[in-house]
Amino acid sequence: MKYLVLIYHEEERWNEIGEPARQQMYGEYRKLREQLQEGGQFLAAASCSRPRPPPASACREGKELVTDGPFAETHEQLGGYFLIDVTTLDEAIAVAKRIPSARMGTVEIRPIVEGPAEPVA
């Protein structure tokens, strides 16, 4: 089953850790990606751009919205994601625990619905 592992962090805290610590975390991300690739669990990963600047944008009820910060009312922002293919939710949780940013932020796991989307009422 495919899972989207969403990686959130507080930008202020990220900036406080300093460049050497960030470079170490980037290395940990590369190692995790390589291990998941070797195990056939890795599908994709990417970082998200910072919401400031430029402004973040979204659509709601058919109208474009532009804000000057993260769209969601939260102190954390989406920093990136991993798309993985594992057998069980427990395996997805085990991968999420290995995400380096989990030490200082939040990692959310969402199962991917494959096939036609069900209508939402």
# chains A, B, ... in the order shown; residues from 1 in each chain; ligands from 1
$ residues_around --residues "A:Glu34" --least-positions-apart "6" --cutoff "12 Å" --atoms "only C-alpha atoms" --output "PDB file with C-alpha atoms, in the first residue's frame"
ATOM      1  CA  GLY A  27      22.754  13.479   5.001  1.00  0.00           C
ATOM      2  CA  GLU A  28      20.359  11.444   7.142  1.00  0.00           C
ATOM      3  CA  GLY A  40      11.872  -1.321  -2.819  1.00  0.00           C
ATOM      4  CA  GLN A  41       9.791   0.976  -0.596  1.00  0.00           C
ATOM      5  CA  PHE A  42      10.772   4.373  -2.013  1.00  0.00           C
ATOM      6  CA  LEU A  43       8.557   5.951  -4.676  1.00  0.00           C
ATOM      7  CA  ALA A  44       9.275   9.698  -4.458  1.00  0.00           C
ATOM      8  CA  ALA A  45      10.320  12.533  -2.160  1.00  0.00           C
TER       9      ALA A  45
END
$ residues_around --residues "stretch 103-110 of chain A" --least-positions-apart "6" --cutoff "10 Å" --atoms "only C-alpha atoms" --output "mmCIF file with N, CA and C atoms, in the first residue's frame"
data_model
loop_
_atom_site.group_PDB
_atom_site.id
_atom_site.type_symbol
_atom_site.label_atom_id
_atom_site.label_comp_id
_atom_site.auth_asym_id
_atom_site.auth_seq_id
_atom_site.Cartn_x
_atom_site.Cartn_y
_atom_site.Cartn_z
ATOM 1 N N LYS A 2 0.426 2.267 -0.675
ATOM 2 C CA LYS A 2 1.191 3.506 -0.744
ATOM 3 C C LYS A 2 0.757 4.460 0.362
ATOM 4 N N TYR A 3 1.760 5.139 0.933
ATOM 5 C CA TYR A 3 1.514 6.131 1.982
ATOM 6 C C TYR A 3 2.256 7.411 1.640
ATOM 7 N N LEU A 4 1.601 8.528 1.900
ATOM 8 C CA LEU A 4 2.228 9.830 1.788
ATOM 9 C C LEU A 4 2.651 10.231 3.195
ATOM 10 N N VAL A 5 3.936 10.430 3.375
ATOM 11 C CA VAL A 5 4.487 10.802 4.674
ATOM 12 C C VAL A 5 4.806 12.292 4.596
ATOM 13 N N LEU A 6 3.983 13.107 5.249
ATOM 14 C CA LEU A 6 4.100 14.568 5.212
ATOM 15 C C LEU A 6 4.983 15.038 6.359
ATOM 16 N N ILE A 7 5.931 15.900 6.045
ATOM 17 C CA ILE A 7 6.934 16.326 7.020
ATOM 18 C C ILE A 7 6.724 17.805 7.331
ATOM 19 N N TYR A 8 6.383 18.099 8.583
ATOM 20 C CA TYR A 8 6.132 19.469 9.022
ATOM 21 C C TYR A 8 7.205 19.903 10.012
ATOM 22 N N HIS A 9 7.525 21.179 9.995
ATOM 23 C CA HIS A 9 8.449 21.724 10.989
ATOM 24 C C HIS A 9 8.165 23.208 11.188
ATOM 25 N N GLU A 10 8.658 23.720 12.301
ATOM 26 C CA GLU A 10 8.546 25.152 12.573
ATOM 27 C C GLU A 10 9.766 25.830 11.973
ATOM 28 N N GLU A 11 9.527 26.795 11.096
ATOM 29 C CA GLU A 11 10.630 27.459 10.412
ATOM 30 C C GLU A 11 11.591 28.117 11.394
ATOM 31 N N ARG A 13 12.364 27.231 14.453
ATOM 32 C CA ARG A 13 13.209 26.207 15.082
ATOM 33 C C ARG A 13 14.234 25.669 14.085
ATOM 34 N N TRP A 14 13.827 25.485 12.825
ATOM 35 C CA TRP A 14 14.745 25.027 11.781
ATOM 36 C C TRP A 14 15.894 26.009 11.618
ATOM 37 N N GLU A 76 3.489 25.185 12.382
ATOM 38 C CA GLU A 76 4.334 24.348 11.557
ATOM 39 C C GLU A 76 3.934 24.526 10.097
ATOM 40 N N GLN A 77 4.887 24.254 9.218
ATOM 41 C CA GLN A 77 4.576 24.314 7.800
ATOM 42 C C GLN A 77 5.083 23.052 7.123
ATOM 43 N N LEU A 78 4.471 22.734 6.003
ATOM 44 C CA LEU A 78 4.854 21.550 5.257
ATOM 45 C C LEU A 78 6.226 21.771 4.648
ATOM 46 N N GLY A 79 7.187 20.937 5.031
ATOM 47 C CA GLY A 79 8.549 21.077 4.539
ATOM 48 C C GLY A 79 8.864 20.134 3.395
ATOM 49 N N GLY A 80 8.115 19.040 3.290
ATOM 50 C CA GLY A 80 8.360 18.085 2.225
ATOM 51 C C GLY A 80 7.574 16.810 2.467
ATOM 52 N N TYR A 81 7.873 15.818 1.642
ATOM 53 C CA TYR A 81 7.151 14.553 1.761
ATOM 54 C C TYR A 81 8.002 13.403 1.257
ATOM 55 N N PHE A 82 7.626 12.211 1.681
ATOM 56 C CA PHE A 82 8.106 10.961 1.116
ATOM 57 C C PHE A 82 6.865 10.214 0.655
ATOM 58 N N LEU A 83 6.911 9.591 -0.485
ATOM 59 C CA LEU A 83 5.865 8.685 -0.945
ATOM 60 C C LEU A 83 6.481 7.294 -0.902
ATOM 61 N N LEU A 89 0.436 -0.397 7.766
ATOM 62 C CA LEU A 89 0.546 0.895 8.430
ATOM 63 C C LEU A 89 1.698 0.879 9.434
ATOM 64 N N ALA A 92 4.739 1.759 7.675
ATOM 65 C CA ALA A 92 4.749 3.191 7.360
ATOM 66 C C ALA A 92 5.136 3.998 8.591
ATOM 67 N N ILE A 93 4.624 3.617 9.736
ATOM 68 C CA ILE A 93 4.968 4.303 10.980
ATOM 69 C C ILE A 93 6.458 4.138 11.275
ATOM 70 N N VAL A 95 8.851 3.790 9.123
ATOM 71 C CA VAL A 95 9.579 4.690 8.222
ATOM 72 C C VAL A 95 9.461 6.124 8.731
ATOM 73 N N ALA A 96 8.256 6.531 9.114
ATOM 74 C CA ALA A 96 8.027 7.908 9.587
ATOM 75 C C ALA A 96 8.896 8.226 10.799
ATOM 76 N N LYS A 97 9.099 7.260 11.671
ATOM 77 C CA LYS A 97 9.946 7.473 12.848
ATOM 78 C C LYS A 97 11.397 7.714 12.466
#
$ select_by_dssp --residues "stretch 85-114 of chain A" --states "strand (DSSP E)" --output "PyMOL selection string"
chain A and resi 85+106-111
